[in-house]
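Enquirer: query_35.cif is the file, holding mmCIF, C-alpha atoms:
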data_my_file
loop_
_atom_site.label_atom_id
_atom_site.label_comp_id
_atom_site.auth_asym_id
_atom_site.auth_seq_id
_atom_site.Cartn_x
_atom_site.Cartn_y
_atom_site.Cartn_z
CA MET A 1 19.74 207.84 107.12
CA ASN A 2 15.94 207.74 107.25
CA LEU A 3 14.98 205.69 110.32
CA HIS A 4 11.28 206.10 109.61
CA LEU A 5 11.73 204.39 106.24
CA ILE A 6 13.45 201.42 107.91
CA VAL A 7 10.48 201.02 110.25
CA ASP A 8 7.99 201.43 107.39
CA VAL A 9 9.53 198.77 105.15
CA LEU A 10 9.89 196.12 107.87
CA PRO A 11 6.29 194.81 107.47
CA LEU A 12 6.73 194.61 103.70
CA LEU A 13 9.99 192.70 104.07
CA LEU A 14 8.43 190.33 106.60
CA GLU A 15 5.92 189.31 103.93
CA GLY A 16 8.83 188.31 101.71
CA MET A 17 10.46 186.60 104.69
CA LEU A 18 7.58 184.14 104.79
CA LEU A 19 8.68 182.75 101.42
CA THR A 20 12.31 182.77 102.58
CA ALA A 21 11.42 180.80 105.69
CA GLN A 22 9.31 178.38 103.66
CA LEU A 23 12.10 177.73 101.15
CA THR A 24 14.68 177.32 103.92
CA ALA A 25 12.59 174.96 106.05
CA ALA A 26 11.48 172.82 103.10
CA SER A 27 14.97 172.53 101.57
CA VAL A 28 16.55 171.69 104.95
CA ALA A 29 13.91 169.02 105.65
CA ILE A 30 14.23 167.44 102.19
CA GLY A 31 18.02 167.75 102.34
CA LEU A 32 18.06 165.87 105.66
CA LEU A 33 15.88 163.11 104.21
CA ILE A 34 18.33 162.81 101.32
CA ALA A 35 21.41 162.97 103.54
CA VAL A 36 20.60 160.30 106.15
CA PRO A 37 20.64 157.26 103.80
CA LEU A 38 23.42 158.75 101.67
CA ALA A 39 25.62 159.35 104.74
CA LEU A 40 25.17 155.70 105.75
CA LEU A 41 26.10 154.59 102.22
CA ARG A 42 29.02 157.03 102.24
CA THR A 43 30.45 155.31 105.32
CA SER A 44 29.83 151.81 104.01
CA PRO A 45 32.80 149.64 103.03
CA SER A 46 31.36 149.25 99.52
CA PHE A 47 33.57 151.08 97.03
CA VAL A 48 30.71 151.50 94.52
CA PHE A 49 28.29 153.08 97.00
CA SER A 50 30.86 155.24 98.76
CA TYR A 51 32.40 156.79 95.64
CA THR A 52 29.07 157.23 93.88
CA ILE A 53 27.85 159.34 96.81
CA LEU A 54 31.22 161.11 96.87
CA LEU A 55 30.72 162.15 93.24
CA TYR A 56 27.31 163.66 94.08
CA THR A 57 28.62 165.58 97.10
CA PHE A 58 31.73 166.73 95.22
CA VAL A 59 29.70 168.17 92.34
CA PHE A 60 27.22 170.08 94.52
CA ARG A 61 29.81 171.25 97.05
CA GLY A 62 32.37 172.14 94.40
CA THR A 63 30.18 174.37 92.20
CA PRO A 64 28.47 177.66 93.12
CA LEU A 65 24.86 177.42 94.21
CA LEU A 66 23.93 180.20 91.77
CA VAL A 67 25.30 178.16 88.85
CA GLN A 68 23.30 175.12 89.99
CA LEU A 69 20.16 177.25 90.24
CA PHE A 70 20.62 178.64 86.73
CA LEU A 71 21.34 175.18 85.28
CA ILE A 72 18.11 173.76 86.68
CA TYR A 73 15.93 176.81 86.00
CA TYR A 74 17.25 177.81 82.56
CA GLY A 75 18.92 174.57 81.47
CA ALA A 76 15.92 172.27 81.92
CA GLY A 77 13.95 174.23 79.34
CA GLN A 78 16.66 173.63 76.75
CA LEU A 79 16.07 169.86 76.74
CA GLU A 80 13.24 168.72 74.50
CA TRP A 81 12.63 165.47 76.36
CA ILE A 82 12.09 167.40 79.61
CA ARG A 83 9.66 169.86 77.98
CA SER A 84 7.65 166.97 76.58
CA SER A 85 7.55 165.06 79.88
CA ALA A 86 5.41 165.42 83.01
CA ALA A 87 8.42 166.88 84.83
CA TRP A 88 8.08 170.11 82.84
CA SER A 89 4.98 171.08 84.82
CA ILE A 90 7.29 171.30 87.84
CA LEU A 91 10.54 172.52 86.30
CA ARG A 92 8.89 175.46 84.54
CA GLU A 93 7.94 176.96 87.91
CA PRO A 94 10.69 179.03 89.59
CA TYR A 95 9.58 178.00 93.08
CA TRP A 96 10.07 174.29 92.41
CA CYS A 97 13.37 174.89 90.62
CA ALA A 98 14.66 176.82 93.65
CA LEU A 99 13.41 174.17 96.07
CA ILE A 100 14.98 171.32 94.08
CA THR A 101 18.31 173.14 93.80
CA PHE A 102 18.45 174.15 97.45
CA SER A 103 17.44 170.65 98.60
CA LEU A 104 20.10 168.90 96.49
CA ASN A 105 22.76 171.37 97.60
CA ASN A 106 21.81 171.11 101.25
CA GLY A 107 21.62 167.32 100.96
CA ALA A 108 25.21 167.20 99.66
CA TYR A 109 26.59 169.30 102.52
CA THR A 110 24.49 167.50 105.14
CA THR A 111 25.65 164.12 103.82
CA GLU A 112 29.28 165.01 104.49
CA ILE A 113 28.43 166.55 107.87
CA LEU A 114 26.59 163.41 108.98
CA ARG A 115 29.34 161.22 107.56
CA GLY A 116 31.83 162.97 109.82
CA GLY A 117 29.52 162.52 112.80
CA ILE A 118 28.98 158.82 112.06
CA ARG A 119 32.71 158.23 111.64
CA ALA A 120 33.30 159.93 115.01
CA VAL A 121 31.02 157.53 116.91
CA PRO A 122 33.27 155.54 119.30
CA SER A 123 33.82 152.04 117.97
CA GLY A 124 33.41 150.68 121.50
CA GLU A 125 29.74 151.67 121.50
CA ILE A 126 29.15 149.82 118.24
CA GLU A 127 31.04 146.75 119.47
CA ALA A 128 29.00 146.77 122.67
CA ALA A 129 25.79 146.88 120.63
CA LYS A 130 27.01 143.91 118.58
CA ALA A 131 27.83 142.03 121.77
CA LEU A 132 24.27 142.61 122.97
CA GLY A 133 22.98 140.96 119.80
CA MET A 134 21.58 144.08 118.12
CA SER A 135 20.91 143.76 114.41
CA TYR A 136 22.47 146.19 111.92
CA ALA A 137 19.25 148.18 111.55
CA LEU A 138 18.79 148.37 115.32
CA ARG A 139 22.40 149.53 115.82
CA ILE A 140 21.90 152.25 113.22
CA ARG A 141 18.64 153.42 114.80
CA ARG A 142 19.66 153.33 118.45
CA ILE A 143 23.42 153.90 118.45
CA VAL A 144 24.95 155.20 115.22
CA LEU A 145 22.43 157.82 114.06
CA PRO A 146 21.66 159.38 117.49
CA ALA A 147 25.34 159.59 118.45
CA GLY A 148 26.43 160.72 115.00
CA PHE A 149 23.78 163.43 114.80
CA ARG A 150 24.70 164.67 118.28
CA LEU A 151 28.36 164.98 117.24
CA ALA A 152 27.44 166.66 113.93
CA LEU A 153 24.90 169.06 115.43
CA PRO A 154 27.14 172.20 115.65
CA ALA A 155 28.24 171.87 112.02
CA TYR A 156 24.68 171.11 110.94
CA ALA A 157 23.41 174.26 112.68
CA ASN A 158 25.91 176.30 110.65
CA GLU A 159 24.65 174.65 107.46
CA VAL A 160 21.05 175.62 108.27
CA VAL A 161 22.14 179.24 108.80
CA LEU A 162 24.04 179.18 105.49
CA MET A 163 20.94 177.79 103.78
CA LEU A 164 18.87 180.67 105.16
CA LYS A 165 21.28 183.19 103.66
CA ALA A 166 21.66 181.26 100.40
CA SER A 167 17.90 181.37 99.88
CA SER A 168 18.35 185.00 98.83
CA LEU A 169 19.56 183.65 95.47
CA ALA A 170 15.96 182.71 94.69
CA SER A 171 15.40 186.36 93.80
CA THR A 172 17.55 185.85 90.69
CA ILE A 173 14.84 183.64 89.16
CA THR A 174 11.96 186.06 89.82
CA LEU A 175 10.90 184.74 93.24
CA MET A 176 9.86 187.57 95.54
CA GLU A 177 11.38 186.32 98.77
CA MET A 178 12.86 188.87 101.16
CA THR A 179 15.82 189.92 99.02
CA GLY A 180 13.62 190.14 95.93
CA THR A 181 11.10 192.20 97.89
CA ALA A 182 13.90 194.47 99.10
CA ARG A 183 15.06 195.06 95.52
CA LYS A 184 11.52 195.94 94.47
CA ILE A 185 11.20 198.45 97.32
CA VAL A 186 14.57 199.97 96.43
CA ALA A 187 13.38 200.47 92.84
CA GLN A 188 10.37 202.33 94.21
CA THR A 189 12.01 204.41 96.95
CA PHE A 190 15.59 204.84 95.63
CA SER A 191 16.79 204.21 99.19
CA PRO A 192 18.94 201.07 99.08
CA TYR A 193 20.79 201.88 102.31
CA GLU A 194 17.72 201.93 104.56
CA VAL A 195 15.93 199.04 102.83
CA PHE A 196 18.85 196.64 102.97
CA ILE A 197 19.61 197.59 106.58
CA ALA A 198 16.04 196.56 107.41
CA ALA A 199 16.52 193.30 105.47
CA ALA A 200 19.79 192.63 107.30
CA LEU A 201 18.07 193.14 110.66
CA ILE A 202 15.43 190.56 109.77
CA TYR A 203 18.09 188.08 108.61
CA LEU A 204 19.96 188.63 111.88
CA GLY A 205 16.79 188.00 113.87
CA PHE A 206 16.08 184.70 112.10
CA THR A 207 19.73 183.65 112.38
CA PHE A 208 19.62 184.32 116.13
CA LEU A 209 16.46 182.20 116.37
CA ILE A 210 18.05 179.27 114.52
CA VAL A 211 21.24 179.42 116.61
CA HIS A 212 19.18 179.63 119.81
CA VAL A 213 17.05 176.60 118.87
CA PHE A 214 20.06 174.47 117.96
CA GLY A 215 21.89 175.63 121.08
CA ARG A 216 19.03 174.49 123.29
CA LEU A 217 18.84 171.20 121.40
CA GLU A 218 22.58 170.66 121.83
CA ARG A 219 22.38 171.37 125.57
CA HIS A 220 19.40 169.05 125.93
CA MET A 221 21.25 166.22 124.19
CA ALA A 222 24.35 166.87 126.30
CA LYS A 223 22.30 166.68 129.52
CA HIS A 224 20.72 163.44 128.33
CA GLN A 225 24.19 162.02 127.65
CA GLN A 226 25.42 163.14 131.08
CA ARG A 227 22.43 161.50 132.79
CA ALA A 228 23.09 158.30 130.89
CA GLY A 229 26.75 158.48 131.91
CA LEU A 230 25.84 159.01 135.57
CA LYS A 231 23.48 156.02 135.47
CA ASN A 232 26.21 153.84 133.97
CA ASN A 233 28.70 155.03 136.59
CA SER A 234 26.27 154.34 139.43
CA ARG A 235 25.59 150.86 138.07
CA SER A 236 29.34 150.23 137.83
CA ARG A 237 29.80 151.36 141.44
CA VAL A 238 26.98 149.07 142.62
CA ARG A 239 28.48 146.13 140.78
CA ALA A 240 31.93 146.90 142.14
CA ALA A 241 30.56 147.18 145.68
CA ALA A 242 28.71 143.89 145.25
CA LYS A 243 31.89 142.18 144.08
CA ILE A 244 33.86 143.55 147.03
CA SER A 245 31.14 142.46 149.46
CA ALA A 246 31.06 138.96 147.94
CA ALA A 247 34.84 138.75 148.15
CA GLN A 248 34.82 139.75 151.80
CA LYS A 249 32.24 137.06 152.61
CA VAL A 250 34.29 134.39 150.88
CA ALA A 251 37.57 135.45 152.54
CA PRO A 252 38.37 133.63 155.85
#
Go ahead and render the structure in this file as structure tokens.
Expert:
Amino acid sequence: MNLHLIVDVLPLLLEGMLLTAQLTAASVAIGLLIAVPLALLRTSPSFVFSYTILLYTFVFRGTPLLVQLFLIYYGAGQLEWIRSSAAWSILREPYWCALITFSLNNGAYTTEILRGGIRAVPSGEIEAAKALGMSYALRIRRIVLPAGFRLALPAYANEVVLMLKASSLASTITLMEMTGTARKIVAQTFSPYEVFIAAALIYLGFTFLIVHVFGRLERHMAKHQQRAGLKNNSRSRVRAAAKISAAQKVAP
């Protein structure tokens, strides 16, 4: 194994990693924007809304991402009405096809992840918010979404890591992200072992970074919850002590 070659190709692969990081960050951000309202509709009692969203998530979670990418990249050009519309200026570009596919796929998985988190929110917290007179929108903003996202955070972190690795499929539609760059270098050097080891090291580094960031976020949210719990406990103790003191004053 040529260690010098591994070191030499790392800067070249990092250039491709910029596109990988861009695709991953953009698709995760757009997927989250798609997933938040769809997760709320997915948990709604409305049969029409819930099962319509279920159909979307079932299709994108039940078919391979590579097939979805090929359908959007190659299939859109087969439809005359798309080629004659303004959408063709976007769908003829491989970057936008990859971004659209990754965003829709990530949105489907994130919808189900957030749905599980929202369903796991204790009903007592929601009932307490209703008792305080909070409107539906205020309950969603202050109680349901923060608690649901906190509960779904570990699964969501795994989905972001999977999206990072799935972005390598963009190389199949001529995008020169890190895997595409690695294939180009292999064609030039005829050293697939060293080149792909270097690519794997970079993927491992970015995966470690994502896991570390989400781990710190999870610990921060847990500490915030513990502080809130301690404040509630202290208030309960003060109220209990006040009740006992009042009872002792009343007693003969």
Enquirer: Would you work out the distance separating atom CA of Thr43 of chain A from atom CA of Ile100 of chain A, expressed in Å to one decimal?
Expert: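 According to the coordinates, atom CA of Thr43 of chain A and atom CA of Ile100 of chain A are separated by 24.9 Å.
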Enquirer: Calculated over only C-alpha atoms, which of the candidates A:Ile72, A:Ile30, A:Val48, A:Ala152 has the smallest distance to Glu112 of chain A?
Expert: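 Ranking A:Ile72, A:Ile30, A:Val48, A:Ala152 by distance to Glu112 of chain A, first place goes to A:Ala152.
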Enquirer: Point out the residue among A:Met221, A:Leu65, A:Leu18, A:Leu201 with the least atom-to-atom distance to Ser103 of chain A, counting all atoms listed in the file.
Expert: A:Leu65
Enquirer: List the neighbours of Leu13 of chain A out to 7 Å using all atoms listed in the file; skip same-chain residues closer than 2 positions along the sequence, and give me the result as a list of chain:residue names.
Expert: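 Once the adjacent positions are removed, what remains is A:Val9, A:Leu10, A:Pro11, A:Glu15, A:Gly16, A:Met17, A:Met178, A:Thr181, A:Ala182, A:Ala199.
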Enquirer: Expand the PyMOL selection byres ((chain A and resi 214) around 10) into the explicit residue set it covers here, and present it as a PyMOL selection string.
Expert: chain A and resi 153-154+156-158+160+209-213+215-220
Enquirer: Rounded to one decimal place, report the atom CA of Tyr56 of chain A-atom CA of Glu177 of chain A distance in Å.
Expert: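 Atom CA of Glu177 of chain A lies at a distance of 28.1 Å from atom CA of Tyr56 of chain A.
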Enquirer: Of the residues A:Ile34, A:Leu164, A:Ile113, A:Val28, which is the one nearest to Leu151 of chain A, using all atoms listed in the file?
Expert: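 Smallest distance to Leu151 of chain A is found for A:Ile113.
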Enquirer: For Tyr74 of chain A, please output as a list in words all residues within 10 Å (counting all atoms listed in the file; exclusion window: fewer than 6 positions along the same chain).
Expert: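 Contacts, in chain order: Gln68, Leu91, Arg92, Pro94, Cys97 and Ile173 of chain A.
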Enquirer: Leu55 of chain A: which residues within 12 Å, counting all atoms listed in the file, same-chain residues fewer than 6 positions away excluded, as number ranges by chain?
Expert: A: 38, 42, 48-49, 61-62, 108, 111-112
Enquirer: Find the residues around Leu69 of chain A up to 12 Å (all atoms listed in the file counted), leave out those fewer than 6 positions away in its own chain, and share them as a list in words.
Expert: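 Once the nearby chain positions are removed, what remains is Phe60, Thr63, Gly75, Ala76, Leu91, Pro94, Tyr95, Trp96, Cys97, Ala98, Leu99, Ile100, Thr101, Phe102, Ser103, Leu104, Asn105, Ala166, Ser167, Ser168, Leu169, Ala170, Ser171, Thr172 and Ile173 of chain A.
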Enquirer: Convert the output of the PyMOL selection byres ((chain A and resi 3) around 12) on the shown file into explicit residues, formatted as a ChimeraX atom specification.
Expert: /A:1-2,4-10,191,193-195,197-198
Enquirer: With the PyMOL selection byres ((chain A and resi 144-146) around 12) as the selection, what would be picked from this file? Answer as a PyMOL selection string, please.
Expert: chain A and resi 35-37+39-40+43+114-130+134+136-143+147-153+221-222+224-225
Enquirer: Using Å and a single decimal, report how far atom CA of Leu32 of chain A sits from atom CA of Asn106 of chain A.
Expert: 7.8 Å
Enquirer: I need the residue nearest Ala29 of chain A from this list: A:Thr179, A:Thr110, A:Ser135, A:Thr207. Use all atoms listed in the file for the distance.
Expert: A:Thr110
